[in-house]
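Q: Pasting structure-v1.txt below, which is compact mmCIF, C-alpha atoms.
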# COMPACT_ATOMS: atom_id res chain seq x y z
CA MET W 1196 87.52 158.54 -37.77
CA HIS W 1197 85.22 155.80 -36.53
CA SER W 1198 82.72 156.55 -33.79
CA PRO W 1199 83.95 155.06 -30.51
CA GLY W 1200 81.93 152.18 -29.14
CA PRO W 1201 80.19 151.88 -25.78
CA LEU W 1202 82.19 153.12 -22.82
CA THR W 1203 84.06 151.18 -20.18
CA ARG W 1204 82.69 150.82 -16.67
CA ARG W 1205 85.01 153.60 -15.50
CA GLN W 1206 83.69 155.95 -18.15
CA VAL W 1207 80.11 155.01 -17.28
CA LEU W 1208 80.76 155.94 -13.65
CA GLN W 1209 82.30 159.25 -14.69
CA THR W 1210 79.37 160.17 -16.87
CA ALA W 1211 76.83 159.06 -14.27
CA SER W 1212 78.45 161.50 -11.86
CA LEU W 1213 78.00 164.34 -14.35
CA LEU W 1214 74.34 163.47 -14.83
CA GLY W 1215 73.73 163.46 -11.10
CA ILE W 1216 73.04 159.73 -10.88
CA SER W 1217 74.29 158.77 -7.41
CA ALA W 1218 77.04 161.31 -7.88
CA ALA W 1219 78.40 161.01 -4.36
CA SER W 1220 78.90 157.27 -4.61
CA LEU W 1221 79.84 156.99 -8.27
CA ALA W 1222 82.18 159.93 -8.75
CA ALA W 1223 84.04 159.61 -5.47
CA SER W 1224 83.53 158.45 -1.92
CA SER W 1225 83.18 162.07 -0.76
CA PRO W 1226 82.94 165.58 -2.28
CA ALA W 1227 86.36 166.37 -0.83
CA GLN W 1228 87.93 163.46 -2.69
CA ALA W 1229 86.24 164.53 -5.92
CA ALA W 1230 87.66 168.04 -5.55
CA GLU W 1231 91.14 166.79 -4.68
CA ASP W 1232 91.30 164.18 -7.44
CA PRO W 1233 89.80 165.58 -10.69
CA ASP W 1234 90.27 162.24 -12.43
CA ARG W 1235 87.59 160.77 -10.18
CA SER W 1236 84.89 163.17 -11.37
CA ILE W 1237 84.14 164.69 -14.77
CA SER W 1238 83.12 167.93 -13.06
CA PRO W 1239 85.15 168.21 -9.82
CA HIS W 1240 84.36 171.91 -9.41
CA SER W 1241 80.60 171.55 -9.88
CA GLY W 1242 78.34 173.12 -7.30
CA LEU W 1243 77.11 169.60 -6.59
CA VAL W 1244 80.59 168.88 -5.24
CA THR W 1245 81.56 172.21 -3.67
CA LYS W 1246 78.05 173.47 -2.82
CA GLN W 1247 79.27 176.83 -4.15
CA MET W 1248 78.37 178.53 -7.42
CA LYS W 1249 80.88 177.78 -10.14
CA PRO W 1250 82.44 181.10 -11.28
CA LEU W 1251 81.59 182.45 -14.70
CA LYS W 1252 84.40 182.80 -17.26
CA TYR W 1253 82.91 186.04 -18.61
CA GLU W 1254 80.44 188.81 -17.75
CA GLU W 1255 78.98 189.12 -21.22
CA ILE W 1256 79.36 187.64 -24.67
CA PRO W 1257 79.26 190.48 -27.23
CA GLY W 1258 77.09 189.50 -30.15
CA LEU W 1259 75.18 186.90 -28.14
CA LEU W 1260 74.35 187.88 -24.55
CA THR W 1261 74.66 191.09 -22.54
CA LYS W 1262 75.62 191.32 -18.88
CA SER W 1263 72.01 192.29 -18.16
CA GLN W 1264 70.91 188.95 -19.59
CA ILE W 1265 73.61 186.74 -18.09
CA THR W 1266 73.67 188.10 -14.53
CA PRO W 1267 70.07 187.28 -13.46
CA HIS W 1268 70.24 183.97 -15.32
CA TYR W 1269 73.41 182.99 -13.47
CA GLN W 1270 72.39 184.35 -10.08
CA ALA W 1271 68.67 183.54 -9.89
CA HIS W 1272 68.27 180.42 -11.99
CA TYR W 1273 71.59 178.62 -11.61
CA GLY W 1274 72.27 179.98 -8.12
CA GLY W 1275 68.68 179.42 -7.05
CA ALA W 1276 68.73 175.81 -8.21
CA LEU W 1277 71.99 175.15 -6.36
CA LYS W 1278 70.74 176.73 -3.15
CA ARG W 1279 67.55 174.68 -3.29
CA PHE W 1280 69.45 171.46 -4.03
CA VAL W 1281 71.77 171.97 -1.04
CA THR W 1282 68.76 172.57 1.22
CA LEU W 1283 66.92 169.48 -0.04
CA ASP W 1284 70.01 167.32 0.15
CA GLN W 1285 70.56 168.34 3.77
CA GLN W 1286 66.91 167.68 4.61
CA ILE W 1287 67.06 164.20 3.12
CA GLU W 1288 70.34 163.43 4.89
CA THR W 1289 68.80 164.44 8.21
CA LEU W 1290 65.74 162.30 7.58
CA LEU W 1291 67.86 159.29 6.61
CA LYS W 1292 69.83 159.53 9.83
CA GLY W 1293 66.66 159.67 11.90
CA ASN W 1294 64.12 157.01 12.80
CA GLU W 1295 60.99 158.47 11.25
CA PRO W 1296 59.32 156.50 8.43
CA LEU W 1297 60.38 157.66 4.97
CA GLY W 1298 57.46 158.30 2.68
CA GLY W 1299 54.33 160.30 2.15
CA ASP W 1300 53.50 163.11 -0.25
CA ALA W 1301 55.93 165.62 1.23
CA TYR W 1302 58.86 163.21 1.09
CA SER W 1303 58.01 162.23 -2.48
CA LEU W 1304 57.98 165.87 -3.55
CA ILE W 1305 61.36 166.46 -1.91
CA GLN W 1306 62.88 163.49 -3.74
CA LYS W 1307 61.51 164.61 -7.11
CA ASP W 1308 62.52 168.23 -6.62
CA LYS W 1309 66.03 167.14 -5.61
CA VAL W 1310 66.57 165.48 -8.99
CA ASN W 1311 65.10 168.46 -10.79
CA ARG W 1312 67.47 170.84 -9.00
CA MET W 1313 70.51 168.60 -9.48
CA ASN W 1314 69.94 168.43 -13.20
CA SER W 1315 69.31 172.17 -13.35
CA VAL W 1316 72.64 172.86 -11.63
CA LEU W 1317 74.58 170.58 -13.97
CA LEU W 1318 72.90 171.73 -17.15
CA HIS W 1319 73.42 175.39 -16.27
CA GLU W 1320 77.10 174.74 -15.54
CA LEU W 1321 77.50 172.94 -18.86
CA TYR W 1322 75.69 175.78 -20.62
CA PHE W 1323 77.73 178.63 -19.13
CA ASP W 1324 81.05 176.75 -19.39
CA GLY W 1325 80.28 175.79 -22.98
CA LEU W 1326 80.12 179.35 -24.30
CA THR W 1327 82.97 181.68 -25.19
CA PRO W 1328 83.13 185.40 -26.09
CA LYS W 1329 85.69 184.55 -28.78
CA ALA W 1330 84.51 182.28 -31.58
CA THR W 1331 86.48 179.04 -31.94
CA ASP W 1332 86.59 176.20 -34.45
CA PRO W 1333 85.99 172.54 -33.62
CA ALA W 1334 89.09 170.39 -33.20
CA GLU W 1335 89.52 167.71 -35.83
CA ASP W 1336 88.44 164.80 -33.60
CA ILE W 1337 85.06 166.26 -32.60
CA ARG W 1338 84.54 167.70 -36.09
CA SER W 1339 85.14 164.28 -37.62
CA ALA W 1340 82.79 162.61 -35.15
CA LEU W 1341 80.01 165.09 -35.94
CA ALA W 1342 80.58 164.75 -39.68
CA GLU W 1343 80.45 160.97 -39.48
CA ARG W 1344 77.24 160.99 -37.48
CA PHE W 1345 75.37 163.91 -39.09
CA GLY W 1346 76.97 164.11 -42.53
CA SER W 1347 78.84 167.38 -41.91
CA LEU W 1348 79.35 170.02 -39.25
CA ASP W 1349 76.84 172.27 -41.00
CA ARG W 1350 74.27 169.48 -41.03
CA TRP W 1351 74.78 168.96 -37.30
CA VAL W 1352 74.25 172.68 -36.72
CA GLU W 1353 71.00 172.55 -38.68
CA ASP W 1354 69.73 169.57 -36.69
CA PHE W 1355 70.88 171.01 -33.37
CA LYS W 1356 69.06 174.28 -34.00
CA ALA W 1357 65.92 172.35 -34.94
CA CYS W 1358 66.10 170.47 -31.62
CA CYS W 1359 66.56 173.73 -29.73
CA MET W 1360 63.51 175.21 -31.42
CA ALA W 1361 61.47 172.09 -30.63
CA ALA W 1362 62.47 172.13 -26.94
CA ASN W 1363 60.91 174.15 -24.15
CA GLY W 1364 63.94 173.75 -21.90
CA TRP W 1365 67.20 172.47 -23.34
CA GLY W 1366 68.79 171.55 -26.64
CA ILE W 1367 71.60 169.05 -26.03
CA LEU W 1368 74.23 167.29 -28.10
CA SER W 1369 74.74 164.08 -26.18
CA ARG W 1370 76.69 160.86 -26.60
CA ASP W 1371 74.78 157.74 -25.58
CA LEU W 1372 76.73 155.31 -23.39
CA VAL W 1373 74.85 152.26 -24.61
CA ASN W 1374 75.67 152.46 -28.32
CA GLY W 1375 78.31 155.20 -28.40
CA GLN W 1376 76.30 157.33 -30.85
CA LEU W 1377 75.82 161.09 -30.89
CA TYR W 1378 72.29 162.48 -30.61
CA ASN W 1379 70.73 165.93 -30.58
CA VAL W 1380 68.10 165.91 -27.86
CA ALA W 1381 65.15 168.24 -27.21
CA SER W 1382 64.33 168.42 -23.49
CA ASP W 1383 61.31 170.22 -22.07
CA LEU W 1384 62.30 170.07 -18.39
CA HIS W 1385 65.49 169.45 -16.45
CA GLU W 1386 64.49 165.84 -15.83
CA ILE W 1387 62.36 165.14 -18.92
CA GLY W 1388 63.58 164.37 -22.44
CA VAL W 1389 67.13 163.40 -21.52
CA LEU W 1390 69.20 160.35 -22.36
CA TRP W 1391 69.61 158.63 -19.02
CA LEU W 1392 73.06 157.32 -19.92
CA GLY W 1393 74.02 160.24 -22.11
CA GLN W 1394 77.03 162.57 -21.87
CA PRO W 1395 76.10 166.19 -22.68
CA LEU W 1396 78.67 167.80 -24.98
CA VAL W 1397 76.91 170.99 -26.12
CA VAL W 1398 74.07 172.42 -24.02
CA CYS W 1399 71.78 175.29 -25.03
CA ASP W 1400 69.34 176.72 -22.48
CA VAL W 1401 66.18 177.65 -24.38
CA TYR W 1402 63.98 178.57 -21.44
CA GLU W 1403 62.81 182.15 -21.96
CA HIS W 1404 64.81 183.30 -18.94
CA ALA W 1405 67.99 182.48 -20.89
CA PHE W 1406 67.35 184.99 -23.69
CA TYR W 1407 64.30 187.17 -23.03
CA VAL W 1408 66.15 190.30 -21.81
CA ASP W 1409 68.15 190.46 -25.05
CA TYR W 1410 65.78 188.84 -27.54
CA GLN W 1411 62.26 189.08 -26.09
CA ASN W 1412 60.36 186.35 -27.96
CA ARG W 1413 62.88 185.99 -30.81
CA LYS W 1414 64.02 182.52 -29.84
CA GLN W 1415 65.16 181.61 -33.35
CA GLU W 1416 67.53 184.57 -33.45
CA TYR W 1417 69.03 183.53 -30.11
CA VAL W 1418 69.48 179.91 -31.22
CA ASN W 1419 71.04 180.98 -34.52
CA LYS W 1420 73.61 183.08 -32.67
CA PHE W 1421 74.23 180.53 -29.92
CA VAL W 1422 75.93 178.07 -32.28
CA GLN W 1423 78.41 180.80 -33.29
CA PHE W 1424 79.71 181.07 -29.71
CA VAL W 1425 80.10 177.42 -28.74
CA ASP W 1426 83.38 176.92 -26.90
CA TRP W 1427 84.71 174.08 -29.03
CA GLY W 1428 87.76 173.75 -26.81
CA GLU W 1429 85.46 172.88 -23.90
CA THR W 1430 83.32 170.64 -26.09
CA ASN W 1431 86.39 168.79 -27.28
CA ARG W 1432 87.59 168.41 -23.69
CA ARG W 1433 84.29 166.73 -22.82
CA TRP W 1434 84.57 164.53 -25.91
CA LYS W 1435 88.14 163.48 -25.12
CA THR W 1436 87.19 162.74 -21.51
CA LEU W 1437 84.82 160.14 -22.85
CA ALA W 1438 87.30 158.74 -25.33
CA ARG W 1439 90.19 158.17 -22.92
Would you write the structure of this file as structure tokens?
A:
Amino acid sequence: MHSPGPLTRRQVLQTASLLGISAASLAASSPAQAAEDPDRSISPHSGLVTKQMKPLKYEEIPGLLTKSQITPHYQAHYGGALKRFVTLDQQIETLLKGNEPLGGDAYSLIQKDKVNRMNSVLLHELYFDGLTPKATDPAEDIRSALAERFGSLDRWVEDFKACCMAANGWGILSRDLVNGQLYNVASDLHEIGVLWLGQPLVVCDVYEHAFYVDYQNRKQEYVNKFVQFVDWGETNRRWKTLAR
């Protein structure tokens, strides 16, 4: 299987919506349209569209994460980021509709924090949705793509785990829109260390809040187990969305 080339304009718009780049204008003309027409947004049920927390598919993942670990992560970190994003987005919308000058330190901080929170919401959704309590195997198309790019599935796993260990925030398998290649990316913050035109396929949260209840400071143990619970059905769905 040959790696697909750069994406079409339609696919670029879809991926930009997932990354939070002008999501409202690129994914659909309104959040309601995005929710009604899933083909117009890669993630129509994202909190960025609905302004509601996306439900979890599980309460715990035996062998990886307990309910005591997942619940505060989901509620405080994902939920907190979404709540803050909605507040900031509403503040900016109100300011834009007014007549006051736009600028200054406070406005700059709001704009920067908005992007940080948007990316946090999306990455957390990709992380939670990308895990499964029941181990699965990669479908042939994504397995072949990984083997072609990294030499083998096992070699990809080795490289992905190394990226996770190098990162302070996120380890991400991403497909670049410019050249169509797969990359493992180490990101230290929600908005730092990402591929700007990259489609996240596998996302591992390596902030301490993601594993400390269950693993304390044993990050390597957490990362080693994470790759055993990747939901390859979801990963393949993301891959096929890009390929269509």
Q: For Trp1351 in chain W, which of W:Leu1304, W:Ala1276, W:Val1422, W:Tyr1402 is the closest residue, counting only C-alpha atoms?
A: W:Val1422
Q: Residues near Phe1424 in chain W, anyone? I mean within 12 Å using only C-alpha atoms, not counting same-chain ones fewer than 5 positions away, as a ChimeraX atom specification.
A: /W:1255-1260,1322-1333,1397-1399,1417-1419,1429-1430
Q: Would you compute an axis-aligned box for range 1249-1264 of chain W, covering every atom listed for it in the file with 5 Å of margin on each side, and report centre and edge lengths in Å to one decimal as AutoDock Vina command-line options?
A:
--center_x 77.7 --center_y 185.0 --center_z -20.1 --size_x 23.5 --size_y 24.5 --size_z 30.0
Q: In Å to one decimal, how far is CA of Asp1354 in chain W from CA of Gln1415 in chain W?
A: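 Distance reported for this atom pair: 13.3 Å.
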Q: Calculate how many Å separate CA of Glu1403 in chain W from CA of Gly1366 in chain W, rounding to one decimal.
A: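 Computing it gives 13.0 Å between the two atoms.
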Q: Expressed in Å to a single decimal, how great is the separation between CA of Tyr1378 in chain W and CA of Met1313 in chain W?
A: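 We find that CA of Tyr1378 in chain W and CA of Met1313 in chain W lie 22.1 Å from each other.
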Q: Extract, using all atoms listed in the file, all DNA, RNA and protein residues at most 12 Å from Pro1250 in chain W, discarding same-chain residues fewer than 4 positions from it, and format them as a list in words.
A: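 That gives His1240, Ser1241, Gly1242, Thr1245, Glu1254, Thr1266, Tyr1269, Gln1270, Tyr1273, Gly1274, His1319, Glu1320, Phe1323 and Asp1324 of chain W.
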Q: Identify which of the residues W:Lys1307, W:Arg1433, W:Arg1370, W:Arg1338 lies closest to Val1352 in chain W, counting only C-alpha atoms when measuring atom-to-atom distances.
A: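 Closest to Val1352 in chain W, using only C-alpha atoms: W:Arg1338.
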Q: Compare W:Leu1251, W:Asp1308, W:His1268, W:Thr1261 by their minimum atom-to-atom distance to Ala1405 in chain W, counting only C-alpha atoms, and give me the closest one.
A: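 Of all the options, W:His1268 lies closest to Ala1405 in chain W.
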Q: What lies within 12 Å of Lys1414 in chain W using all atoms listed in the file, ignoring chain neighbours under 3 positions off, as an mmCIF file with C-alpha atoms, in the coordinates of the input?
A:
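And here's out.cif as it stands now:
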data_model
loop_
_atom_site.group_PDB
_atom_site.id
_atom_site.type_symbol
_atom_site.label_atom_id
_atom_site.label_comp_id
_atom_site.auth_asym_id
_atom_site.auth_seq_id
_atom_site.Cartn_x
_atom_site.Cartn_y
_atom_site.Cartn_z
ATOM 1 C CA LYS W 1356 69.060 174.280 -34.000
ATOM 2 C CA ALA W 1357 65.920 172.350 -34.940
ATOM 3 C CA CYS W 1359 66.560 173.730 -29.730
ATOM 4 C CA MET W 1360 63.510 175.210 -31.420
ATOM 5 C CA ALA W 1361 61.470 172.090 -30.630
ATOM 6 C CA ALA W 1362 62.470 172.130 -26.940
ATOM 7 C CA ASN W 1363 60.910 174.150 -24.150
ATOM 8 C CA GLY W 1364 63.940 173.750 -21.900
ATOM 9 C CA CYS W 1399 71.780 175.290 -25.030
ATOM 10 C CA ASP W 1400 69.340 176.720 -22.480
ATOM 11 C CA VAL W 1401 66.180 177.650 -24.380
ATOM 12 C CA TYR W 1402 63.980 178.570 -21.440
ATOM 13 C CA GLU W 1403 62.810 182.150 -21.960
ATOM 14 C CA HIS W 1404 64.810 183.300 -18.940
ATOM 15 C CA ALA W 1405 67.990 182.480 -20.890
ATOM 16 C CA PHE W 1406 67.350 184.990 -23.690
ATOM 17 C CA TYR W 1407 64.300 187.170 -23.030
ATOM 18 C CA VAL W 1408 66.150 190.300 -21.810
ATOM 19 C CA ASP W 1409 68.150 190.460 -25.050
ATOM 20 C CA TYR W 1410 65.780 188.840 -27.540
ATOM 21 C CA GLN W 1411 62.260 189.080 -26.090
ATOM 22 C CA TYR W 1417 69.030 183.530 -30.110
ATOM 23 C CA VAL W 1418 69.480 179.910 -31.220
ATOM 24 C CA ASN W 1419 71.040 180.980 -34.520
ATOM 25 C CA LYS W 1420 73.610 183.080 -32.670
ATOM 26 C CA PHE W 1421 74.230 180.530 -29.920
#
Q: Hey, which of W:Lys1292, W:Arg1413, W:Lys1262, W:Arg1432 ends up closest to Leu1396 in chain W? Count only C-alpha atoms.
A: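 Result for the nearest residue to Leu1396 in chain W: W:Arg1432.
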Q: Check the smallest atom-to-atom distance from each of W:Leu1277, W:Ala1334, W:Val1244, W:Cys1358 to Val1310 in chain W using all atoms listed in the file, then report the winner.
A: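 With all atoms listed in the file as the atom set, the closest residue is W:Leu1277.
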Q: Quick one: contact table of range 1354-1379 of chain W to range 1384-1392 of chain W, 8 Å max, nearest atom pair and distance in Å to one decimal per residue, counting only C-alpha atoms, chain and number order, as a Markdown table?
A:
| residue | atom | partner | partner_atom | distance |
| --- | --- | --- | --- | --- |
| W:Asn1363 | CA | W:Leu1384 | CA | 7.2 |
| W:Gly1364 | CA | W:Leu1384 | CA | 5.3 |
| W:Trp1365 | CA | W:Leu1384 | CA | 7.4 |
| W:Ser1369 | CA | W:Leu1390 | CA | 7.7 |
| W:Asp1371 | CA | W:Leu1392 | CA | 5.9 |
| W:Leu1372 | CA | W:Leu1392 | CA | 5.4 |
| W:Val1373 | CA | W:Leu1392 | CA | 7.1 |
